[in-house]
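One file, start_2.cif, is given below (mmCIF, C-alpha atoms).
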```cif
data_input
loop_
_atom_site.group_PDB
_atom_site.id
_atom_site.type_symbol
_atom_site.label_atom_id
_atom_site.label_comp_id
_atom_site.auth_asym_id
_atom_site.auth_seq_id
_atom_site.Cartn_x
_atom_site.Cartn_y
_atom_site.Cartn_z
ATOM 1 C CA MET A 7 -250.518 -0.493 -77.016
ATOM 2 C CA SER A 8 -249.051 2.736 -75.684
ATOM 3 C CA HIS A 9 -245.846 4.284 -74.494
ATOM 4 C CA THR A 10 -245.129 7.164 -72.170
ATOM 5 C CA TYR A 11 -242.709 10.042 -72.022
ATOM 6 C CA THR A 12 -242.549 13.177 -69.924
ATOM 7 C CA ALA A 13 -242.767 16.692 -71.349
ATOM 8 C CA ASN A 14 -243.147 19.816 -69.203
ATOM 9 C CA GLU A 15 -243.776 17.574 -66.155
ATOM 10 C CA CYS A 16 -246.794 16.011 -67.875
ATOM 11 C CA HIS A 17 -246.970 12.304 -68.677
ATOM 12 C CA ILE A 18 -248.251 11.877 -72.242
ATOM 13 C CA HIS A 19 -249.592 8.505 -73.347
ATOM 14 C CA HIS A 20 -249.551 7.934 -77.114
ATOM 15 C CA LEU A 21 -252.166 5.364 -78.097
ATOM 16 C CA THR A 22 -252.116 3.388 -81.305
ATOM 17 C CA LYS A 23 -255.771 2.336 -81.030
ATOM 18 C CA MET A 24 -258.856 3.499 -79.145
ATOM 19 C CA PRO A 25 -259.161 1.888 -75.687
ATOM 20 C CA SER A 26 -261.852 -0.766 -75.252
ATOM 21 C CA THR A 27 -264.959 0.573 -73.506
ATOM 22 C CA LEU A 28 -265.512 -2.765 -71.769
ATOM 23 C CA THR A 29 -261.971 -2.796 -70.422
ATOM 24 C CA LEU A 30 -262.249 0.802 -69.252
ATOM 25 C CA TYR A 31 -265.442 0.125 -67.288
ATOM 26 C CA ARG A 32 -263.924 -2.978 -65.754
ATOM 27 C CA LEU A 33 -261.044 -0.830 -64.527
ATOM 28 C CA ALA A 34 -263.456 1.911 -63.429
ATOM 29 C CA VAL A 35 -265.035 -0.321 -60.783
ATOM 30 C CA MET A 36 -261.667 -1.297 -59.304
ATOM 31 C CA PRO A 37 -261.036 0.381 -55.936
ATOM 32 C CA LYS A 38 -258.437 3.127 -55.763
ATOM 33 C CA LYS A 39 -255.570 2.624 -53.340
ATOM 34 C CA HIS A 40 -255.530 6.313 -52.479
ATOM 35 C CA HIS A 41 -258.226 8.992 -52.622
ATOM 36 C CA ALA A 42 -257.112 12.562 -53.200
ATOM 37 C CA LYS A 43 -257.689 14.981 -50.325
ATOM 38 C CA LYS A 44 -256.400 18.097 -52.075
ATOM 39 C CA ALA A 45 -256.360 19.383 -55.631
ATOM 40 C CA GLU A 46 -252.570 19.272 -55.709
ATOM 41 C CA GLU A 47 -252.766 15.465 -55.560
ATOM 42 C CA ILE A 48 -254.416 15.336 -59.008
ATOM 43 C CA PRO A 49 -251.569 14.471 -61.415
ATOM 44 C CA HIS A 50 -250.831 16.191 -64.715
ATOM 45 C CA MET A 51 -251.372 13.587 -67.416
ATOM 46 C CA ALA A 52 -252.303 13.539 -71.082
ATOM 47 C CA VAL A 53 -253.291 11.012 -73.707
ATOM 48 C CA GLU A 54 -253.456 11.348 -77.462
ATOM 49 C CA ILE A 55 -254.402 9.298 -80.477
ATOM 50 C CA ASN A 56 -254.050 10.046 -84.180
ATOM 51 C CA SER A 57 -255.889 9.257 -87.401
ATOM 52 C CA ILE A 58 -259.333 8.563 -85.970
ATOM 53 C CA SER A 59 -262.144 8.197 -88.508
ATOM 54 C CA PHE A 60 -265.874 8.679 -88.061
ATOM 55 C CA ASN A 61 -268.394 5.847 -88.352
ATOM 56 C CA ALA A 62 -271.266 7.237 -90.436
ATOM 57 C CA LYS A 63 -273.886 4.936 -88.882
ATOM 58 C CA LYS A 64 -272.879 5.829 -85.325
ATOM 59 C CA VAL A 65 -272.849 9.544 -86.150
ATOM 60 C CA ALA A 66 -276.306 9.284 -87.745
ATOM 61 C CA ASP A 67 -277.717 7.411 -84.719
ATOM 62 C CA TYR A 68 -276.261 10.009 -82.365
ATOM 63 C CA ALA A 69 -277.637 12.887 -84.433
ATOM 64 C CA GLU A 70 -281.125 11.377 -84.466
ATOM 65 C CA LEU A 71 -281.205 10.759 -80.711
ATOM 66 C CA CYS A 72 -279.989 14.299 -79.943
ATOM 67 C CA GLY A 73 -282.223 16.081 -82.463
ATOM 68 C CA PHE A 74 -279.615 17.208 -85.000
ATOM 69 C CA GLN A 75 -280.430 17.452 -88.695
ATOM 70 C CA PHE A 76 -277.754 15.099 -90.040
ATOM 71 C CA ASN A 77 -276.710 15.985 -93.597
ATOM 72 C CA GLY A 78 -274.391 13.033 -94.138
ATOM 73 C CA LYS A 79 -271.445 15.376 -94.756
ATOM 74 C CA THR A 80 -270.485 16.917 -91.394
ATOM 75 C CA VAL A 81 -270.647 15.710 -87.793
ATOM 76 C CA PRO A 82 -272.719 17.419 -85.061
ATOM 77 C CA ILE A 83 -270.649 19.939 -83.123
ATOM 78 C CA THR A 84 -270.930 17.972 -79.872
ATOM 79 C CA TYR A 85 -269.887 14.652 -81.459
ATOM 80 C CA PRO A 86 -266.085 14.945 -80.972
ATOM 81 C CA HIS A 87 -266.818 14.678 -77.238
ATOM 82 C CA ILE A 88 -268.138 11.174 -77.927
ATOM 83 C CA LEU A 89 -264.872 10.114 -79.585
ATOM 84 C CA ALA A 90 -262.848 11.679 -76.763
ATOM 85 C CA PHE A 91 -264.870 10.029 -73.989
ATOM 86 C CA ASN A 92 -262.775 6.843 -73.892
ATOM 87 C CA LEU A 93 -259.647 8.974 -73.676
ATOM 88 C CA HIS A 94 -261.136 10.805 -70.695
ATOM 89 C CA MET A 95 -261.718 7.434 -69.063
ATOM 90 C CA GLU A 96 -258.226 6.240 -70.009
ATOM 91 C CA LEU A 97 -256.780 9.010 -67.850
ATOM 92 C CA MET A 98 -259.171 8.542 -64.962
ATOM 93 C CA VAL A 99 -258.776 4.762 -64.624
ATOM 94 C CA ASN A 100 -254.993 5.152 -64.539
ATOM 95 C CA PRO A 101 -253.711 3.810 -61.190
ATOM 96 C CA SER A 102 -251.971 7.134 -60.501
ATOM 97 C CA PHE A 103 -255.251 9.054 -60.755
ATOM 98 C CA PRO A 104 -256.449 9.146 -57.115
ATOM 99 C CA VAL A 105 -260.185 9.645 -57.699
ATOM 100 C CA PRO A 106 -262.808 6.941 -58.361
ATOM 101 C CA LEU A 107 -264.475 7.362 -61.731
ATOM 102 C CA LEU A 108 -267.957 6.201 -60.750
ATOM 103 C CA GLY A 109 -269.747 8.828 -58.689
ATOM 104 C CA LEU A 110 -268.019 11.851 -60.248
ATOM 105 C CA VAL A 111 -270.318 14.781 -61.023
ATOM 106 C CA HIS A 112 -270.019 16.625 -64.350
ATOM 107 C CA VAL A 113 -270.560 20.257 -63.323
ATOM 108 C CA ARG A 114 -269.519 22.346 -66.363
ATOM 109 C CA ASN A 115 -268.625 21.951 -70.015
ATOM 110 C CA SER A 116 -267.524 24.374 -72.699
ATOM 111 C CA ILE A 117 -267.059 23.616 -76.390
ATOM 112 C CA ARG A 118 -265.420 25.775 -79.050
ATOM 113 C CA SER A 119 -265.954 24.680 -82.634
ATOM 114 C CA TYR A 120 -263.814 26.611 -85.104
ATOM 115 C CA ARG A 121 -265.402 25.094 -88.200
ATOM 116 C CA SER A 122 -267.504 22.134 -89.248
ATOM 117 C CA ILE A 123 -265.736 18.766 -89.288
ATOM 118 C CA GLY A 124 -266.341 16.596 -92.321
ATOM 119 C CA LEU A 125 -267.603 13.063 -91.872
ATOM 120 C CA ASN A 126 -264.753 11.855 -94.085
ATOM 121 C CA GLU A 127 -262.002 13.705 -92.200
ATOM 122 C CA SER A 128 -259.399 11.934 -90.099
ATOM 123 C CA ILE A 129 -258.744 13.623 -86.761
ATOM 124 C CA ASP A 130 -256.154 13.600 -83.983
ATOM 125 C CA ILE A 131 -257.375 13.904 -80.384
ATOM 126 C CA HIS A 132 -255.383 15.171 -77.397
ATOM 127 C CA VAL A 133 -256.843 15.042 -73.866
ATOM 128 C CA SER A 134 -255.151 16.350 -70.735
ATOM 129 C CA LEU A 135 -255.845 16.726 -67.044
ATOM 130 C CA SER A 136 -255.162 20.424 -67.155
ATOM 131 C CA GLU A 137 -256.176 21.962 -63.834
ATOM 132 C CA ALA A 138 -257.620 21.059 -60.429
ATOM 133 C CA ARG A 139 -259.111 23.210 -57.674
ATOM 134 C CA ASP A 140 -260.243 22.755 -54.075
ATOM 135 C CA THR A 141 -263.851 23.911 -53.532
ATOM 136 C CA ASP A 142 -266.292 23.833 -50.631
ATOM 137 C CA LYS A 143 -267.945 20.753 -52.211
ATOM 138 C CA GLY A 144 -264.776 18.837 -53.004
ATOM 139 C CA ILE A 145 -262.129 18.737 -55.716
ATOM 140 C CA GLU A 146 -262.897 20.049 -59.194
ATOM 141 C CA PHE A 147 -260.674 19.048 -62.084
ATOM 142 C CA ASP A 148 -260.667 19.922 -65.789
ATOM 143 C CA LEU A 149 -260.279 17.613 -68.753
ATOM 144 C CA THR A 150 -259.177 19.632 -71.781
ATOM 145 C CA THR A 151 -259.743 18.089 -75.209
ATOM 146 C CA GLN A 152 -258.247 19.376 -78.459
ATOM 147 C CA VAL A 153 -259.087 18.007 -81.898
ATOM 148 C CA TYR A 154 -256.849 18.528 -84.931
ATOM 149 C CA SER A 155 -257.315 17.832 -88.621
ATOM 150 C CA GLN A 156 -254.119 17.817 -90.682
ATOM 151 C CA GLY A 157 -252.421 19.922 -88.018
ATOM 152 C CA GLU A 158 -255.261 22.459 -87.789
ATOM 153 C CA ARG A 159 -257.023 22.811 -84.443
ATOM 154 C CA VAL A 160 -260.700 22.549 -85.321
ATOM 155 C CA TRP A 161 -262.396 21.855 -81.967
ATOM 156 C CA GLU A 162 -261.698 22.014 -78.253
ATOM 157 C CA SER A 163 -263.537 21.607 -74.987
ATOM 158 C CA VAL A 164 -263.125 21.758 -71.225
ATOM 159 C CA SER A 165 -265.111 19.338 -69.056
ATOM 160 C CA THR A 166 -265.118 20.089 -65.341
ATOM 161 C CA ASN A 167 -265.842 17.251 -62.927
ATOM 162 C CA LEU A 168 -266.393 17.288 -59.180
ATOM 163 C CA TYR A 169 -265.118 14.679 -56.755
ATOM 164 C CA ARG A 170 -267.120 15.046 -53.565
ATOM 165 C CA LYS A 171 -265.080 14.477 -50.437
ATOM 166 C CA SER A 172 -268.288 13.631 -48.604
ATOM 167 C CA GLN A 173 -271.291 11.849 -50.073
ATOM 168 C CA LYS A 174 -273.632 13.841 -47.843
ATOM 169 C CA ALA A 175 -275.793 16.370 -49.648
ATOM 170 C CA ILE A 176 -274.608 19.949 -49.241
ATOM 171 C CA LYS A 177 -277.447 22.389 -48.657
ATOM 172 C CA SER A 178 -277.006 25.986 -49.650
ATOM 173 C CA PRO A 179 -277.879 28.615 -46.998
ATOM 174 C CA TYR A 180 -279.129 30.958 -49.717
ATOM 175 C CA GLN A 181 -282.671 31.130 -51.030
ATOM 176 C CA PRO A 182 -282.973 30.651 -54.806
ATOM 177 C CA LYS A 183 -283.589 33.763 -56.874
ATOM 178 C CA ALA A 184 -286.686 34.162 -58.983
ATOM 179 C CA LEU A 185 -286.172 32.581 -62.399
ATOM 180 C CA LYS A 186 -285.554 34.865 -65.327
ATOM 181 C CA ASP A 187 -288.242 35.299 -67.961
ATOM 182 C CA TYR A 188 -287.303 34.177 -71.473
ATOM 183 C CA ARG A 189 -289.198 35.046 -74.639
ATOM 184 C CA PHE A 190 -288.992 31.612 -76.250
ATOM 185 C CA ALA A 191 -289.453 28.041 -75.103
ATOM 186 C CA GLU A 192 -289.806 24.524 -76.451
ATOM 187 C CA PHE A 193 -290.511 21.326 -74.561
ATOM 188 C CA TRP A 194 -289.111 17.798 -74.712
ATOM 189 C CA THR A 195 -290.417 14.520 -73.352
ATOM 190 C CA LEU A 196 -287.701 12.175 -72.131
ATOM 191 C CA LYS A 197 -288.679 8.523 -71.910
ATOM 192 C CA GLU A 198 -287.455 6.132 -69.249
ATOM 193 C CA ASN A 199 -285.037 4.479 -71.696
ATOM 194 C CA THR A 200 -283.443 7.702 -72.984
ATOM 195 C CA GLY A 201 -280.358 7.187 -70.822
ATOM 196 C CA ARG A 202 -279.830 3.668 -72.144
ATOM 197 C CA LYS A 203 -280.232 4.874 -75.728
ATOM 198 C CA TYR A 204 -277.671 7.629 -75.196
ATOM 199 C CA ALA A 205 -275.299 5.191 -73.480
ATOM 200 C CA LYS A 206 -275.471 3.007 -76.590
ATOM 201 C CA VAL A 207 -274.545 5.805 -79.010
ATOM 202 C CA SER A 208 -272.030 7.529 -76.726
ATOM 203 C CA GLY A 209 -270.308 4.714 -74.851
ATOM 204 C CA ASP A 210 -271.041 6.466 -71.529
ATOM 205 C CA SER A 211 -272.637 3.595 -69.589
ATOM 206 C CA ASN A 212 -272.357 5.054 -66.096
ATOM 207 C CA PRO A 213 -274.937 3.139 -63.990
ATOM 208 C CA ILE A 214 -276.621 6.351 -62.826
ATOM 209 C CA HIS A 215 -278.014 6.787 -66.344
ATOM 210 C CA LEU A 216 -279.267 3.282 -67.077
ATOM 211 C CA HIS A 217 -281.937 2.020 -64.670
ATOM 212 C CA LYS A 218 -283.690 3.098 -61.496
ATOM 213 C CA TRP A 219 -282.095 0.285 -59.504
ATOM 214 C CA THR A 220 -278.549 1.011 -60.731
ATOM 215 C CA ALA A 221 -278.973 4.740 -60.063
ATOM 216 C CA LYS A 222 -280.133 4.073 -56.504
ATOM 217 C CA ALA A 223 -276.775 2.457 -55.746
ATOM 218 C CA PHE A 224 -275.230 5.917 -56.230
ATOM 219 C CA GLY A 225 -277.821 7.882 -54.270
ATOM 220 C CA PHE A 226 -280.304 8.822 -57.012
ATOM 221 C CA LYS A 227 -283.999 7.996 -56.702
ATOM 222 C CA GLN A 228 -284.237 7.323 -60.434
ATOM 223 C CA ALA A 229 -281.940 7.140 -63.434
ATOM 224 C CA ILE A 230 -280.820 10.545 -64.710
ATOM 225 C CA ILE A 231 -280.100 11.654 -68.251
ATOM 226 C CA HIS A 232 -276.522 12.412 -69.296
ATOM 227 C CA GLY A 233 -275.673 16.091 -69.088
ATOM 228 C CA MET A 234 -274.048 15.900 -72.511
ATOM 229 C CA TRP A 235 -277.305 14.649 -74.033
ATOM 230 C CA THR A 236 -279.039 17.739 -72.619
ATOM 231 C CA LYS A 237 -276.286 19.933 -74.017
ATOM 232 C CA ALA A 238 -276.420 18.285 -77.436
ATOM 233 C CA ARG A 239 -280.220 18.510 -77.565
ATOM 234 C CA THR A 240 -279.992 22.203 -76.671
ATOM 235 C CA LEU A 241 -277.437 22.916 -79.383
ATOM 236 C CA ALA A 242 -279.503 20.995 -81.936
ATOM 237 C CA ALA A 243 -282.375 23.375 -81.180
ATOM 238 C CA LEU A 244 -280.387 26.624 -81.067
ATOM 239 C CA GLN A 245 -277.576 26.302 -83.622
ATOM 240 C CA PRO A 246 -279.925 26.843 -86.617
ATOM 241 C CA LEU A 247 -280.679 30.296 -85.188
ATOM 242 C CA LEU A 248 -276.976 31.210 -85.335
ATOM 243 C CA LYS A 249 -276.436 29.855 -88.858
ATOM 244 C CA SER A 250 -272.786 29.068 -88.090
ATOM 245 C CA ASP A 251 -270.500 26.135 -87.263
ATOM 246 C CA ALA A 252 -267.923 28.434 -85.617
ATOM 247 C CA ILE A 253 -269.478 28.681 -82.171
ATOM 248 C CA CYS A 254 -268.842 28.489 -78.450
ATOM 249 C CA ILE A 255 -271.369 26.847 -76.151
ATOM 250 C CA GLU A 256 -270.820 27.045 -72.385
ATOM 251 C CA THR A 257 -272.996 25.156 -69.928
ATOM 252 C CA GLU A 258 -273.389 24.610 -66.204
ATOM 253 C CA PHE A 259 -275.133 21.450 -65.036
ATOM 254 C CA LYS A 260 -277.271 22.384 -62.045
ATOM 255 C CA GLN A 261 -279.796 19.712 -61.057
ATOM 256 C CA PRO A 262 -280.235 16.216 -62.507
ATOM 257 C CA ILE A 263 -283.062 15.380 -64.904
ATOM 258 C CA PHE A 264 -284.760 12.225 -63.680
ATOM 259 C CA LEU A 265 -286.137 9.751 -66.193
ATOM 260 C CA PRO A 266 -288.830 9.782 -67.412
ATOM 261 C CA SER A 267 -289.672 13.488 -67.393
ATOM 262 C CA LYS A 268 -290.715 16.521 -69.393
ATOM 263 C CA VAL A 269 -288.443 19.570 -69.546
ATOM 264 C CA GLY A 270 -288.445 22.938 -71.260
ATOM 265 C CA LEU A 271 -285.696 24.824 -73.086
ATOM 266 C CA HIS A 272 -286.129 28.543 -72.384
ATOM 267 C CA TYR A 273 -284.012 31.025 -74.323
ATOM 268 C CA ASP A 274 -283.457 34.562 -75.586
ATOM 269 C CA GLU A 275 -281.380 35.751 -78.539
ATOM 270 C CA ASN A 276 -279.441 39.027 -78.530
ATOM 271 C CA SER A 277 -276.325 40.561 -80.067
ATOM 272 C CA ASP A 278 -274.069 38.475 -77.779
ATOM 273 C CA GLY A 279 -275.627 35.142 -78.706
ATOM 274 C CA ILE A 280 -278.324 33.053 -77.085
ATOM 275 C CA ALA A 281 -278.749 32.642 -73.327
ATOM 276 C CA PHE A 282 -280.697 29.575 -72.257
ATOM 277 C CA GLU A 283 -281.908 27.447 -69.370
ATOM 278 C CA VAL A 284 -283.319 23.941 -69.341
ATOM 279 C CA ARG A 285 -285.994 23.750 -66.641
ATOM 280 C CA ASN A 286 -288.314 21.160 -65.175
ATOM 281 C CA LYS A 287 -291.963 20.811 -66.192
ATOM 282 C CA GLY A 288 -293.064 23.004 -63.282
ATOM 283 C CA ASN A 289 -290.725 25.787 -64.476
ATOM 284 C CA ASP A 290 -289.305 26.296 -60.986
ATOM 285 C CA LYS A 291 -286.002 24.391 -61.154
ATOM 286 C CA VAL A 292 -283.023 24.823 -63.502
ATOM 287 C CA HIS A 293 -281.322 21.667 -64.758
ATOM 288 C CA MET A 294 -278.775 23.324 -67.063
ATOM 289 C CA LYS A 295 -277.942 26.891 -68.028
ATOM 290 C CA GLY A 296 -275.552 28.547 -70.420
ATOM 291 C CA ARG A 297 -274.895 30.562 -73.541
ATOM 292 C CA VAL A 298 -274.104 29.818 -77.170
ATOM 293 C CA SER A 299 -272.553 32.377 -79.487
ATOM 294 C CA CYS A 300 -270.661 32.710 -82.773
ATOM 295 C CA ILE A 301 -266.875 33.023 -82.670
ATOM 296 C CA SER A 302 -264.159 33.965 -85.119
ATOM 297 C CA SER A 303 -262.184 31.091 -86.605
ATOM 298 C CA ILE A 304 -258.557 30.859 -85.401
#
```

Would you mind writing the structure in this file as structure tokens?
Amino acid sequence: MSHTYTANECHIHHLTKMPSTLTLYRLAVMPKKHHAKKAEEIPHMAVEINSISFNAKKVADYAELCGFQFNGKTVPITYPHILAFNLHMELMVNPSFPVPLLGLVHVRNSIRSYRSIGLNESIDIHVSLSEARDTDKGIEFDLTTQVYSQGERVWESVSTNLYRKSQKAIKSPYQPKALKDYRFAEFWTLKENTGRKYAKVSGDSNPIHLHKWTAKAFGFKQAIIHGMWTKARTLAALQPLLKSDAICIETEFKQPIFLPSKVGLHYDENSDGIAFEVRNKGNDKVHMKGRVSCISSI
């Protein structure tokens, strides 16, 4: 159940329970009556839910799949995104949201963790459609997520998605620059079923991640791994170097990682944090790039 009121020209939906993933995906495949042509057509909406608890088994399964050392006391820094995912979908399947959910491209994500979140804590989650922009590739829009514990903001993120106005591939007229040299690297082997395993622990069952034949329906030659798995796996590798739970990790998703595949995490540590790139086996294409650094608590 939910109810709606308007504050500062933003419709806020207060939920009393987490939306059903099955229901959300059923709504996601329903055709939209209107497709946005400009960023100004993206509505300002928000959804929030209070007193959400963590499921220890689900957190442990997620941590194992993403490479985190789970201590049974705190949740991985990327895990609040998993709890917020259904709220993201709740906004995007709303009839007033004029963009189809399936086929969206996740292009950027930033996370700010102000402290570790205890497995036994109860949290409140607020998600809003905060900003939209017209670009040469289509319409970009931001989903801002804020997590509170007993009134204290402990975590926030911004996920930027792209709605392509045309499904045709856009070729850049510029030649790619030579890739930067990094001092350190480690390599991961992703099996064909990695996308299905992540879908199970995250609830993100977008067909492009599940099977070759479902991905082909959306223009991919093979299934691709979730960008947020790549981000989580990267943080699991790099956070121990920072020795902190108060961090910011910013990422850009560049090219998809097809399954199965082998990729490398290349990185350098300096006084500003750790810069990194996830590259293909041939070390000539960048799948994801970004930086992780320590921050001051608020």

For the structure shown, which residues end up in the PyMOL selection byres ((chain A and resi 272-285) around 12)? Put them as number ranges by chain, please?
A: 185-194, 233, 236-237, 239-241, 243-250, 253-264, 267-271, 286-301

Would you list the contacts of A:Ser163 as a VMD selection string, taking every protein, DNA or RNA residue within 12 Å and counting only C-alpha atoms, but skipping same-chain residues closer than 5 positions in sequence?
chain A and resid 83 to 88 90 to 91 94 114 to 120 131 to 134 136 148 to 153 253 to 257

Residues selected by the PyMOL selection byres ((chain A and resi 21-25) around 10), written as an NGL selection string
:A and (7-10 or 18-20 or 26-30 or 53-58 or 89-90 or 92-93 or 95-96)

Spell out the residues picked by the PyMOL selection byres ((chain A and resi 40-48) around 8) here, as a compact mmCIF listing (two decimals) with C-alpha atoms, in the frame of the given file.
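File produced: expr-v1.txt:
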```
# COMPACT_ATOMS: atom_id res chain seq x y z
CA LYS A 38 -258.44 3.13 -55.76
CA LYS A 39 -255.57 2.62 -53.34
CA PRO A 49 -251.57 14.47 -61.42
CA HIS A 50 -250.83 16.19 -64.72
CA PHE A 103 -255.25 9.05 -60.76
CA PRO A 104 -256.45 9.15 -57.12
CA VAL A 105 -260.18 9.64 -57.70
CA PRO A 106 -262.81 6.94 -58.36
CA ALA A 138 -257.62 21.06 -60.43
CA ARG A 139 -259.11 23.21 -57.67
CA ASP A 140 -260.24 22.76 -54.08
CA ILE A 145 -262.13 18.74 -55.72
CA GLU A 146 -262.90 20.05 -59.19
CA PHE A 147 -260.67 19.05 -62.08
CA LYS A 171 -265.08 14.48 -50.44
```

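You will find atom CA of A:Ile231 at 28.2 Å from atom CA of A:Arg121.
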
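Comparing A:Val35, A:Ile129, A:Thr195, A:Ala69 by their smallest distance to A:Gly157, the closest is A:Ile129 (using only C-alpha atoms).
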
Would you please work out which residue, of A:His215, A:Leu196, A:Val113, A:Gln156, is nearest to A:Tyr169 when using only C-alpha atoms?
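Closest candidate: A:Val113.
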
Atom CA of A:Leu107 to atom CA of A:Glu198: how many Å, to one decimal?
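Separating atom CA of A:Leu107 from atom CA of A:Glu198 is a distance of 24.2 Å.
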
Work out how far atom CA of A:Pro266 is from atom CA of A:Thr200, in Å to one decimal.
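Rounded to one decimal, the two atoms are 8.0 Å apart.
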
Missing atoms in stretch 272-284 of chain A: can you complete it with N, CA and C atoms, as a CSV table (one decimal), keeping the file's coordinate frame?
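Resulting contents of out_18.csv:
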```
chain,number,residue,atom,x,y,z
A,272,HIS,N,-285.7,27.1,-72.4
A,272,HIS,CA,-286.1,28.5,-72.4
A,272,HIS,C,-284.9,29.4,-72.8
A,273,TYR,N,-285.2,30.3,-73.8
A,273,TYR,CA,-284.0,31.0,-74.3
A,273,TYR,C,-284.4,32.4,-74.9
A,274,ASP,N,-283.4,33.2,-75.0
A,274,ASP,CA,-283.5,34.6,-75.6
A,274,ASP,C,-282.3,34.8,-76.5
A,275,GLU,N,-282.5,35.4,-77.6
A,275,GLU,CA,-281.4,35.8,-78.5
A,275,GLU,C,-281.1,37.2,-78.5
A,276,ASN,N,-279.8,37.6,-78.5
A,276,ASN,CA,-279.4,39.0,-78.5
A,276,ASN,C,-278.1,39.1,-79.3
A,277,SER,N,-277.5,40.3,-79.3
A,277,SER,CA,-276.3,40.6,-80.1
A,277,SER,C,-275.1,39.7,-79.6
A,278,ASP,N,-275.2,39.3,-78.3
A,278,ASP,CA,-274.1,38.5,-77.8
A,278,ASP,C,-274.3,37.0,-78.0
A,279,GLY,N,-275.4,36.6,-78.5
A,279,GLY,CA,-275.6,35.1,-78.7
A,279,GLY,C,-277.0,34.8,-78.1
A,280,ILE,N,-277.1,33.6,-77.6
A,280,ILE,CA,-278.3,33.1,-77.1
A,280,ILE,C,-278.1,32.5,-75.7
A,281,ALA,N,-278.8,33.1,-74.7
A,281,ALA,CA,-278.7,32.6,-73.3
A,281,ALA,C,-279.9,31.6,-73.2
A,282,PHE,N,-279.7,30.6,-72.4
A,282,PHE,CA,-280.7,29.6,-72.3
A,282,PHE,C,-280.7,28.9,-70.9
A,283,GLU,N,-281.8,28.3,-70.5
A,283,GLU,CA,-281.9,27.4,-69.4
A,283,GLU,C,-282.8,26.3,-69.7
A,284,VAL,N,-282.4,25.1,-69.3
A,284,VAL,CA,-283.3,23.9,-69.3
A,284,VAL,C,-283.9,23.8,-68.0
```
